[in-house]
>>> print(open('upload.cif').read())   # mmCIF, N, CA and C atoms
data_start
loop_
_atom_site.label_atom_id
_atom_site.label_comp_id
_atom_site.auth_asym_id
_atom_site.auth_seq_id
_atom_site.Cartn_x
_atom_site.Cartn_y
_atom_site.Cartn_z
N MET A 17 15.42 35.34 137.78
CA MET A 17 14.80 36.09 136.73
C MET A 17 13.89 37.18 137.28
N VAL A 18 13.14 36.88 138.35
CA VAL A 18 12.24 37.85 138.96
C VAL A 18 13.05 39.00 139.57
N LEU A 19 14.16 38.69 140.22
CA LEU A 19 15.03 39.72 140.79
C LEU A 19 15.58 40.64 139.71
N TYR A 20 15.93 40.08 138.57
CA TYR A 20 16.44 40.86 137.44
C TYR A 20 15.39 41.85 136.95
N LYS A 21 14.13 41.41 136.85
CA LYS A 21 13.06 42.28 136.40
C LYS A 21 12.81 43.41 137.41
N LYS A 22 12.85 43.10 138.69
CA LYS A 22 12.65 44.13 139.72
C LYS A 22 13.76 45.17 139.67
N CYS A 23 15.00 44.72 139.51
CA CYS A 23 16.14 45.65 139.42
C CYS A 23 15.99 46.53 138.18
N PHE A 24 15.57 45.92 137.09
CA PHE A 24 15.39 46.67 135.85
C PHE A 24 14.31 47.75 136.01
N LEU A 25 13.21 47.43 136.68
CA LEU A 25 12.14 48.40 136.93
C LEU A 25 12.61 49.53 137.84
N VAL A 26 13.37 49.20 138.88
CA VAL A 26 13.88 50.23 139.80
C VAL A 26 14.83 51.17 139.08
N VAL A 27 15.75 50.62 138.29
CA VAL A 27 16.70 51.45 137.54
C VAL A 27 15.95 52.31 136.53
N GLY A 28 14.96 51.76 135.87
CA GLY A 28 14.16 52.52 134.91
C GLY A 28 13.41 53.66 135.58
N ALA A 29 12.84 53.40 136.75
CA ALA A 29 12.12 54.44 137.49
C ALA A 29 13.07 55.55 137.92
N LEU A 30 14.27 55.19 138.38
CA LEU A 30 15.26 56.19 138.77
C LEU A 30 15.68 57.05 137.59
N LEU A 31 15.95 56.42 136.47
CA LEU A 31 16.33 57.18 135.28
C LEU A 31 15.21 58.12 134.83
N ALA A 32 13.99 57.65 134.86
CA ALA A 32 12.86 58.48 134.46
C ALA A 32 12.72 59.69 135.38
N SER A 33 12.87 59.47 136.68
CA SER A 33 12.74 60.60 137.62
C SER A 33 13.88 61.60 137.44
N ILE A 34 15.08 61.12 137.15
CA ILE A 34 16.21 62.02 136.91
C ILE A 34 15.98 62.84 135.65
N MET A 35 15.50 62.19 134.60
CA MET A 35 15.26 62.89 133.35
C MET A 35 14.16 63.92 133.48
N MET A 36 13.17 63.68 134.31
CA MET A 36 12.09 64.64 134.50
C MET A 36 12.54 65.79 135.38
N ALA A 37 13.40 65.56 136.34
CA ALA A 37 13.84 66.61 137.26
C ALA A 37 14.90 67.51 136.65
N THR A 38 15.70 67.01 135.72
CA THR A 38 16.80 67.80 135.16
C THR A 38 16.33 69.06 134.44
N PRO A 39 15.33 69.05 133.55
CA PRO A 39 14.91 70.30 132.92
C PRO A 39 14.37 71.31 133.92
N ALA A 40 13.66 70.86 134.94
CA ALA A 40 13.13 71.78 135.94
C ALA A 40 14.27 72.45 136.70
N MET A 41 15.32 71.72 137.01
CA MET A 41 16.45 72.31 137.71
C MET A 41 17.19 73.27 136.79
N ALA A 42 17.28 72.98 135.52
CA ALA A 42 17.98 73.87 134.59
C ALA A 42 17.22 75.17 134.42
N GLU A 43 15.90 75.14 134.41
CA GLU A 43 15.11 76.35 134.27
C GLU A 43 15.20 77.22 135.51
N SER A 44 15.29 76.63 136.68
CA SER A 44 15.33 77.41 137.90
C SER A 44 16.68 78.06 138.13
N LYS A 45 17.72 77.58 137.46
CA LYS A 45 19.05 78.17 137.59
C LYS A 45 19.10 79.43 136.75
N LYS A 46 19.20 80.59 137.41
CA LYS A 46 19.15 81.85 136.72
C LYS A 46 20.47 82.59 136.92
N THR A 47 20.91 83.27 135.90
CA THR A 47 22.13 84.05 136.00
C THR A 47 21.81 85.40 136.61
N THR A 48 22.65 85.84 137.53
CA THR A 48 22.52 87.19 138.05
C THR A 48 23.76 87.98 137.66
N TYR A 49 23.59 89.27 137.58
CA TYR A 49 24.65 90.17 137.15
C TYR A 49 24.90 91.22 138.22
N THR A 50 26.08 91.81 138.22
CA THR A 50 26.30 93.02 138.99
C THR A 50 25.76 94.17 138.15
N GLU A 51 25.63 95.35 138.75
CA GLU A 51 25.10 96.49 138.00
C GLU A 51 25.97 96.78 136.78
N GLU A 52 27.28 96.82 136.97
CA GLU A 52 28.21 97.14 135.89
C GLU A 52 28.16 96.09 134.78
N GLU A 53 28.11 94.82 135.14
CA GLU A 53 28.02 93.75 134.14
C GLU A 53 26.74 93.87 133.32
N PHE A 54 25.64 94.16 133.99
CA PHE A 54 24.35 94.27 133.29
C PHE A 54 24.35 95.46 132.33
N LEU A 55 24.86 96.60 132.79
CA LEU A 55 24.91 97.79 131.94
C LEU A 55 25.78 97.54 130.71
N ASN A 56 26.93 96.92 130.91
CA ASN A 56 27.83 96.64 129.79
C ASN A 56 27.24 95.60 128.83
N ALA A 57 26.53 94.62 129.37
CA ALA A 57 26.00 93.53 128.55
C ALA A 57 24.80 93.95 127.71
N PHE A 58 23.97 94.89 128.21
CA PHE A 58 22.70 95.17 127.54
C PHE A 58 22.51 96.62 127.12
N GLY A 59 23.39 97.52 127.50
CA GLY A 59 23.28 98.91 127.07
C GLY A 59 23.50 99.02 125.57
N ASN A 60 22.62 99.74 124.88
CA ASN A 60 22.69 99.99 123.43
C ASN A 60 22.57 98.71 122.59
N LYS A 61 21.97 97.67 123.13
CA LYS A 61 21.74 96.43 122.38
C LYS A 61 20.33 96.44 121.80
N THR A 62 20.09 95.61 120.81
CA THR A 62 18.76 95.52 120.20
C THR A 62 17.84 94.63 121.05
N ARG A 63 16.55 94.70 120.75
CA ARG A 63 15.58 93.86 121.46
C ARG A 63 15.87 92.38 121.25
N ASP A 64 16.27 92.02 120.04
CA ASP A 64 16.55 90.62 119.75
C ASP A 64 17.70 90.08 120.60
N VAL A 65 18.76 90.87 120.75
CA VAL A 65 19.92 90.44 121.55
C VAL A 65 19.51 90.27 123.01
N VAL A 66 18.76 91.22 123.54
CA VAL A 66 18.32 91.15 124.93
C VAL A 66 17.39 89.95 125.14
N ALA A 67 16.44 89.76 124.24
CA ALA A 67 15.50 88.63 124.38
C ALA A 67 16.22 87.30 124.27
N LYS A 68 17.24 87.23 123.43
CA LYS A 68 17.98 85.98 123.27
C LYS A 68 18.74 85.63 124.55
N GLN A 69 19.29 86.63 125.24
CA GLN A 69 20.08 86.37 126.44
C GLN A 69 19.25 86.28 127.71
N LEU A 70 18.19 87.09 127.81
CA LEU A 70 17.40 87.12 129.04
C LEU A 70 16.04 86.43 128.92
N GLY A 71 15.64 86.11 127.70
CA GLY A 71 14.31 85.55 127.50
C GLY A 71 13.29 86.68 127.40
N GLN A 72 12.05 86.32 127.24
CA GLN A 72 11.00 87.33 127.13
C GLN A 72 10.77 88.00 128.48
N PRO A 73 10.48 89.29 128.48
CA PRO A 73 10.27 90.00 129.74
C PRO A 73 8.97 89.58 130.42
N LEU A 74 8.89 89.87 131.70
CA LEU A 74 7.66 89.58 132.44
C LEU A 74 6.53 90.51 132.00
N LYS A 75 6.90 91.74 131.62
CA LYS A 75 5.90 92.72 131.23
C LYS A 75 6.50 93.65 130.19
N LYS A 76 5.67 94.10 129.23
CA LYS A 76 6.07 95.09 128.23
C LYS A 76 5.07 96.23 128.27
N GLU A 77 5.57 97.47 128.08
CA GLU A 77 4.69 98.63 128.02
C GLU A 77 5.12 99.53 126.89
N GLN A 78 4.13 100.09 126.18
CA GLN A 78 4.39 101.07 125.13
C GLN A 78 4.27 102.46 125.73
N SER A 79 5.18 103.35 125.36
CA SER A 79 5.10 104.73 125.80
C SER A 79 4.10 105.48 124.93
N VAL A 80 3.31 106.33 125.57
CA VAL A 80 2.31 107.11 124.86
C VAL A 80 2.47 108.57 125.23
N LYS A 81 2.55 109.43 124.22
CA LYS A 81 2.68 110.86 124.47
C LYS A 81 1.32 111.41 124.86
N PRO A 82 1.24 112.21 125.95
CA PRO A 82 -0.04 112.80 126.35
C PRO A 82 -0.59 113.72 125.25
N SER A 83 -1.89 113.82 125.17
CA SER A 83 -2.52 114.62 124.11
C SER A 83 -2.24 116.11 124.26
N ASN A 84 -2.01 116.61 125.47
CA ASN A 84 -1.78 118.04 125.67
C ASN A 84 -0.30 118.34 125.98
N ALA A 85 0.61 117.53 125.46
CA ALA A 85 2.03 117.73 125.76
C ALA A 85 2.54 119.08 125.27
N SER A 86 2.09 119.55 124.12
CA SER A 86 2.53 120.84 123.59
C SER A 86 2.11 121.98 124.50
N ASN A 87 0.89 121.92 125.05
CA ASN A 87 0.41 122.98 125.95
C ASN A 87 1.18 123.00 127.26
N VAL A 88 1.49 121.84 127.80
CA VAL A 88 2.20 121.76 129.06
C VAL A 88 3.63 122.29 128.91
N LEU A 89 4.29 121.93 127.83
CA LEU A 89 5.67 122.37 127.61
C LEU A 89 5.76 123.80 127.11
N GLY A 90 4.69 124.30 126.49
CA GLY A 90 4.70 125.65 125.96
C GLY A 90 5.43 125.76 124.63
N ARG A 91 5.64 124.66 123.96
CA ARG A 91 6.30 124.66 122.66
C ARG A 91 5.78 123.46 121.88
N PRO A 92 5.90 123.52 120.58
CA PRO A 92 5.41 122.37 119.78
C PRO A 92 6.26 121.11 120.04
N THR A 93 5.59 119.99 120.13
CA THR A 93 6.30 118.72 120.34
C THR A 93 6.26 117.85 119.10
N GLU A 94 5.54 118.29 118.08
CA GLU A 94 5.46 117.52 116.85
C GLU A 94 6.72 117.73 116.04
N LYS A 95 7.25 116.67 115.46
CA LYS A 95 8.41 116.80 114.59
C LYS A 95 8.12 116.10 113.28
N GLN A 96 8.88 116.46 112.29
CA GLN A 96 8.68 115.89 110.96
C GLN A 96 9.20 114.45 110.93
N GLY A 97 8.60 113.64 110.10
CA GLY A 97 9.07 112.27 109.94
C GLY A 97 8.32 111.28 110.81
N LYS A 98 8.87 110.09 110.86
CA LYS A 98 8.26 108.99 111.59
C LYS A 98 8.46 109.16 113.09
N PRO A 99 7.43 108.97 113.91
CA PRO A 99 7.60 109.10 115.36
C PRO A 99 8.45 107.95 115.93
N ASP A 100 9.14 108.25 117.02
CA ASP A 100 9.97 107.23 117.69
C ASP A 100 9.07 106.19 118.35
N GLN A 101 9.51 104.94 118.31
CA GLN A 101 8.82 103.86 118.99
C GLN A 101 9.51 103.61 120.32
N VAL A 102 8.83 103.84 121.41
CA VAL A 102 9.40 103.68 122.75
C VAL A 102 8.68 102.55 123.46
N GLU A 103 9.45 101.59 123.97
CA GLU A 103 8.88 100.44 124.66
C GLU A 103 9.73 100.12 125.88
N MET A 104 9.07 99.78 126.98
CA MET A 104 9.76 99.40 128.21
C MET A 104 9.55 97.91 128.48
N TRP A 105 10.64 97.23 128.81
CA TRP A 105 10.60 95.82 129.19
C TRP A 105 10.98 95.70 130.65
N TYR A 106 10.30 94.79 131.37
CA TYR A 106 10.54 94.63 132.80
C TYR A 106 10.96 93.19 133.12
N TYR A 107 12.03 93.07 133.90
CA TYR A 107 12.53 91.79 134.38
C TYR A 107 12.62 91.85 135.89
N LYS A 108 12.70 90.70 136.54
CA LYS A 108 12.77 90.63 138.00
C LYS A 108 14.01 89.86 138.45
N ASP A 109 14.62 90.34 139.53
CA ASP A 109 15.68 89.64 140.27
C ASP A 109 16.85 89.18 139.41
N LEU A 110 17.37 90.05 138.56
CA LEU A 110 18.52 89.69 137.72
C LEU A 110 19.81 90.38 138.14
N VAL A 111 19.71 91.51 138.85
CA VAL A 111 20.88 92.33 139.14
C VAL A 111 21.08 92.43 140.65
N LYS A 112 22.30 92.07 141.08
CA LYS A 112 22.64 92.13 142.50
C LYS A 112 23.20 93.51 142.85
N TYR A 113 22.79 94.02 144.01
CA TYR A 113 23.39 95.25 144.50
C TYR A 113 24.25 95.03 145.73
N ASP A 114 24.20 93.84 146.27
CA ASP A 114 25.17 93.38 147.26
C ASP A 114 25.21 91.85 147.16
N PRO A 115 26.11 91.20 147.87
CA PRO A 115 26.26 89.75 147.66
C PRO A 115 25.00 88.90 147.90
N LYS A 116 24.07 89.37 148.72
CA LYS A 116 22.92 88.54 149.07
C LYS A 116 21.60 89.03 148.48
N ARG A 117 21.54 90.27 147.97
CA ARG A 117 20.25 90.83 147.55
C ARG A 117 20.28 91.30 146.10
N THR A 118 19.10 91.19 145.46
CA THR A 118 18.97 91.65 144.08
C THR A 118 17.89 92.73 144.01
N TYR A 119 17.96 93.53 142.94
CA TYR A 119 16.90 94.50 142.70
C TYR A 119 15.63 93.74 142.32
N LYS A 120 14.48 94.21 142.80
CA LYS A 120 13.22 93.55 142.51
C LYS A 120 12.83 93.68 141.04
N THR A 121 13.05 94.87 140.47
CA THR A 121 12.62 95.13 139.10
C THR A 121 13.73 95.80 138.31
N ILE A 122 13.89 95.38 137.06
CA ILE A 122 14.82 95.99 136.13
C ILE A 122 14.00 96.45 134.93
N GLU A 123 14.15 97.74 134.57
CA GLU A 123 13.42 98.30 133.43
C GLU A 123 14.41 98.64 132.33
N LEU A 124 14.18 98.11 131.14
CA LEU A 124 14.98 98.44 129.97
C LEU A 124 14.08 99.24 129.03
N THR A 125 14.54 100.42 128.62
CA THR A 125 13.77 101.27 127.72
C THR A 125 14.39 101.21 126.34
N PHE A 126 13.58 100.83 125.36
CA PHE A 126 14.03 100.72 123.97
C PHE A 126 13.42 101.87 123.17
N VAL A 127 14.25 102.58 122.41
CA VAL A 127 13.80 103.59 121.48
C VAL A 127 14.26 103.15 120.11
N ASN A 128 13.29 102.93 119.23
CA ASN A 128 13.58 102.46 117.87
C ASN A 128 14.49 101.23 117.88
N ASP A 129 14.14 100.23 118.71
CA ASP A 129 14.80 98.93 118.77
C ASP A 129 16.19 98.94 119.43
N ARG A 130 16.58 99.99 120.11
CA ARG A 130 17.86 100.03 120.84
C ARG A 130 17.60 100.33 122.30
N CYS A 131 18.31 99.65 123.19
CA CYS A 131 18.19 99.88 124.63
C CYS A 131 18.94 101.17 124.96
N VAL A 132 18.21 102.21 125.32
CA VAL A 132 18.83 103.51 125.60
C VAL A 132 18.86 103.85 127.09
N ASN A 133 18.09 103.11 127.90
CA ASN A 133 18.05 103.40 129.33
C ASN A 133 17.81 102.10 130.11
N ILE A 134 18.52 101.97 131.22
CA ILE A 134 18.36 100.82 132.11
C ILE A 134 18.17 101.37 133.52
N ALA A 135 17.12 100.92 134.21
CA ALA A 135 16.85 101.39 135.57
C ALA A 135 16.62 100.18 136.47
N PHE A 136 17.09 100.32 137.72
CA PHE A 136 16.94 99.27 138.73
C PHE A 136 16.05 99.82 139.85
N PHE A 137 15.04 99.02 140.27
CA PHE A 137 14.09 99.47 141.28
C PHE A 137 13.90 98.40 142.36
N ASN A 138 13.62 98.87 143.57
CA ASN A 138 13.18 97.99 144.65
C ASN A 138 11.80 98.35 145.13
N ASN A 139 11.24 99.46 144.68
CA ASN A 139 9.97 99.93 145.20
C ASN A 139 8.80 99.74 144.24
N ARG A 140 8.93 98.91 143.25
CA ARG A 140 7.83 98.68 142.31
C ARG A 140 7.26 97.31 142.48
#
>>> encode(input="upload.cif", output="structure tokens")
Amino acid sequence: MVLYKKCFLVVGALLASIMMATPAMAESKKTTYTEEEFLNAFGNKTRDVVAKQLGQPLKKEQSVKPSNASNVLGRPTEKQGKPDQVEMWYYKDLVKYDPKRTYKTIELTFVNDRCVNIAFFNNR
């Protein structure tokens, strides 16, 4: 009877450790894309689609027009209607540029909820 209880405790401890380790291993497993796959998968997609597939970005930034933009350009920059909403999302280590290395930073630029530009960086 004592041997049965010890075996039951050992099996229970093993199962508990496996159950605790499995979610951590699943989170660390990340999908990487080639440049072409990433561009095709996320170009012209909405923020919701990107967030659903990639999760929330590491960093978000809002674009702000400089106060003297009209003077610098030499022409009016104001237009009629609602201004465009421009937001940049940043992800890390998702896109491979060769079999062993990935870009350090990926920037997705959204204008009015659509991804209009994707940039890959190693120097940021």
>>> residues_around(input="upload.cif", residues="A:Thr62", least_positions_apart="5", cutoff="12 Å", atoms="only C-alpha atoms", output="list in words")
Ala57, Ala67, Lys68, Gln69, Glu103, Leu124, Thr125, Phe126, Val127, Asn128, Asp129, Arg130, Cys131 and Val132 of chain A
>>> atom_distance(input="upload.cif", atom1="atom C of A:Glu51", atom2="atom CA of A:Pro115")
13.0 Å
>>> atom_distance(input="upload.cif", atom1="atom CA of A:Lys81", atom2="atom CA of A:Lys120")
27.1 Å
>>> atom_distance(input="upload.cif", atom1="atom C of A:Thr121", atom2="atom N of A:Tyr106")
7.8 Å
>>> closest_residue(input="upload.cif", among="A:Thr93, A:Tyr113, A:Glu123, A:Tyr49", to="A:Leu74", atoms="only C-alpha atoms")
A:Glu123
>>> closest_residue(input="upload.cif", among="A:Tyr119, A:Pro99, A:Asp109, A:Gln78", to="A:Asn139", atoms="all atoms listed in the file")
A:Tyr119
>>> decode(input="upload.cif", residues="stretch 47-91 of chain A", atoms="N, CA and C atoms", output="tab-separated table (two decimals), in the first residue's frame")
chain	number	residue	atom	x	y	z
A	47	THR	N	6.40	31.75	-34.86
A	47	THR	CA	6.45	31.55	-36.29
A	47	THR	C	7.32	32.63	-36.91
A	48	THR	N	8.18	32.23	-37.84
A	48	THR	CA	8.94	33.20	-38.60
A	48	THR	C	8.51	33.11	-40.06
A	49	TYR	N	8.68	34.20	-40.75
A	49	TYR	CA	8.26	34.31	-42.14
A	49	TYR	C	9.45	34.71	-43.00
A	50	THR	N	9.38	34.41	-44.29
A	50	THR	CA	10.31	35.01	-45.24
A	50	THR	C	9.76	36.40	-45.55
A	51	GLU	N	10.56	37.23	-46.20
A	51	GLU	CA	10.11	38.58	-46.53
A	51	GLU	C	8.84	38.53	-47.38
A	52	GLU	N	8.85	37.70	-48.42
A	52	GLU	CA	7.71	37.61	-49.33
A	52	GLU	C	6.46	37.10	-48.62
A	53	GLU	N	6.60	36.10	-47.77
A	53	GLU	CA	5.46	35.57	-47.02
A	53	GLU	C	4.86	36.65	-46.11
A	54	PHE	N	5.72	37.40	-45.45
A	54	PHE	CA	5.25	38.44	-44.53
A	54	PHE	C	4.52	39.54	-45.29
A	55	LEU	N	5.08	39.98	-46.40
A	55	LEU	CA	4.45	41.03	-47.20
A	55	LEU	C	3.09	40.58	-47.72
A	56	ASN	N	3.01	39.36	-48.20
A	56	ASN	CA	1.74	38.83	-48.71
A	56	ASN	C	0.71	38.64	-47.59
A	57	ALA	N	1.17	38.22	-46.42
A	57	ALA	CA	0.26	37.92	-45.32
A	57	ALA	C	-0.32	39.17	-44.66
A	58	PHE	N	0.46	40.28	-44.62
A	58	PHE	CA	0.04	41.43	-43.83
A	58	PHE	C	-0.10	42.73	-44.60
A	59	GLY	N	0.30	42.77	-45.85
A	59	GLY	CA	0.13	43.98	-46.65
A	59	GLY	C	-1.34	44.26	-46.90
A	60	ASN	N	-1.77	45.51	-46.68
A	60	ASN	CA	-3.14	45.97	-46.89
A	60	ASN	C	-4.16	45.27	-45.98
A	61	LYS	N	-3.73	44.75	-44.86
A	61	LYS	CA	-4.64	44.13	-43.88
A	61	LYS	C	-5.00	45.15	-42.80
A	62	THR	N	-6.07	44.89	-42.08
A	62	THR	CA	-6.49	45.79	-41.00
A	62	THR	C	-5.68	45.51	-39.73
A	63	ARG	N	-5.78	46.43	-38.78
A	63	ARG	CA	-5.09	46.24	-37.50
A	63	ARG	C	-5.59	45.00	-36.78
A	64	ASP	N	-6.89	44.75	-36.86
A	64	ASP	CA	-7.45	43.59	-36.18
A	64	ASP	C	-6.88	42.28	-36.72
A	65	VAL	N	-6.75	42.18	-38.03
A	65	VAL	CA	-6.22	40.96	-38.65
A	65	VAL	C	-4.76	40.75	-38.23
A	66	VAL	N	-3.98	41.82	-38.26
A	66	VAL	CA	-2.57	41.73	-37.88
A	66	VAL	C	-2.44	41.36	-36.41
A	67	ALA	N	-3.21	42.01	-35.54
A	67	ALA	CA	-3.13	41.72	-34.10
A	67	ALA	C	-3.56	40.30	-33.80
A	68	LYS	N	-4.55	39.80	-34.54
A	68	LYS	CA	-5.02	38.43	-34.31
A	68	LYS	C	-3.94	37.41	-34.67
A	69	GLN	N	-3.18	37.67	-35.74
A	69	GLN	CA	-2.17	36.71	-36.18
A	69	GLN	C	-0.83	36.88	-35.49
A	70	LEU	N	-0.44	38.12	-35.20
A	70	LEU	CA	0.88	38.37	-34.60
A	70	LEU	C	0.84	38.71	-33.12
A	71	GLY	N	-0.35	39.00	-32.60
A	71	GLY	CA	-0.44	39.45	-31.23
A	71	GLY	C	-0.20	40.95	-31.16
A	72	GLN	N	-0.24	41.50	-29.98
A	72	GLN	CA	-0.02	42.93	-29.82
A	72	GLN	C	1.44	43.27	-30.07
A	73	PRO	N	1.71	44.42	-30.67
A	73	PRO	CA	3.09	44.80	-30.96
A	73	PRO	C	3.86	45.15	-29.70
A	74	LEU	N	5.18	45.12	-29.82
A	74	LEU	CA	6.02	45.51	-28.69
A	74	LEU	C	5.91	47.00	-28.42
A	75	LYS	N	5.70	47.78	-29.48
A	75	LYS	CA	5.63	49.23	-29.34
A	75	LYS	C	4.69	49.79	-30.40
A	76	LYS	N	3.95	50.85	-30.04
A	76	LYS	CA	3.09	51.57	-30.99
A	76	LYS	C	3.47	53.04	-30.95
A	77	GLU	N	3.42	53.70	-32.12
A	77	GLU	CA	3.70	55.13	-32.19
A	77	GLU	C	2.68	55.80	-33.09
A	78	GLN	N	2.23	56.99	-32.69
A	78	GLN	CA	1.34	57.80	-33.51
A	78	GLN	C	2.18	58.78	-34.31
A	79	SER	N	1.84	58.96	-35.57
A	79	SER	CA	2.52	59.94	-36.40
A	79	SER	C	1.95	61.32	-36.11
A	80	VAL	N	2.82	62.32	-36.04
A	80	VAL	CA	2.41	63.68	-35.77
A	80	VAL	C	3.00	64.59	-36.83
A	81	LYS	N	2.15	65.41	-37.44
A	81	LYS	CA	2.62	66.35	-38.45
A	81	LYS	C	3.29	67.52	-37.76
A	82	PRO	N	4.50	67.93	-38.21
A	82	PRO	CA	5.17	69.08	-37.60
A	82	PRO	C	4.35	70.35	-37.77
A	83	SER	N	4.47	71.26	-36.83
A	83	SER	CA	3.67	72.48	-36.85
A	83	SER	C	4.03	73.39	-38.02
A	84	ASN	N	5.26	73.36	-38.52
A	84	ASN	CA	5.67	74.23	-39.61
A	84	ASN	C	5.80	73.48	-40.94
A	85	ALA	N	5.03	72.42	-41.12
A	85	ALA	CA	5.15	71.61	-42.34
A	85	ALA	C	4.83	72.42	-43.59
A	86	SER	N	3.85	73.31	-43.55
A	86	SER	CA	3.50	74.12	-44.71
A	86	SER	C	4.64	75.04	-45.12
A	87	ASN	N	5.34	75.62	-44.14
A	87	ASN	CA	6.47	76.51	-44.45
A	87	ASN	C	7.63	75.76	-45.06
A	88	VAL	N	7.92	74.57	-44.56
A	88	VAL	CA	9.03	73.79	-45.06
A	88	VAL	C	8.77	73.33	-46.49
A	89	LEU	N	7.56	72.89	-46.77
A	89	LEU	CA	7.22	72.41	-48.11
A	89	LEU	C	6.96	73.55	-49.09
A	90	GLY	N	6.60	74.72	-48.58
A	90	GLY	CA	6.32	75.84	-49.45
A	90	GLY	C	4.94	75.77	-50.09
A	91	ARG	N	4.06	74.96	-49.55
A	91	ARG	CA	2.70	74.85	-50.05
A	91	ARG	C	1.81	74.45	-48.88
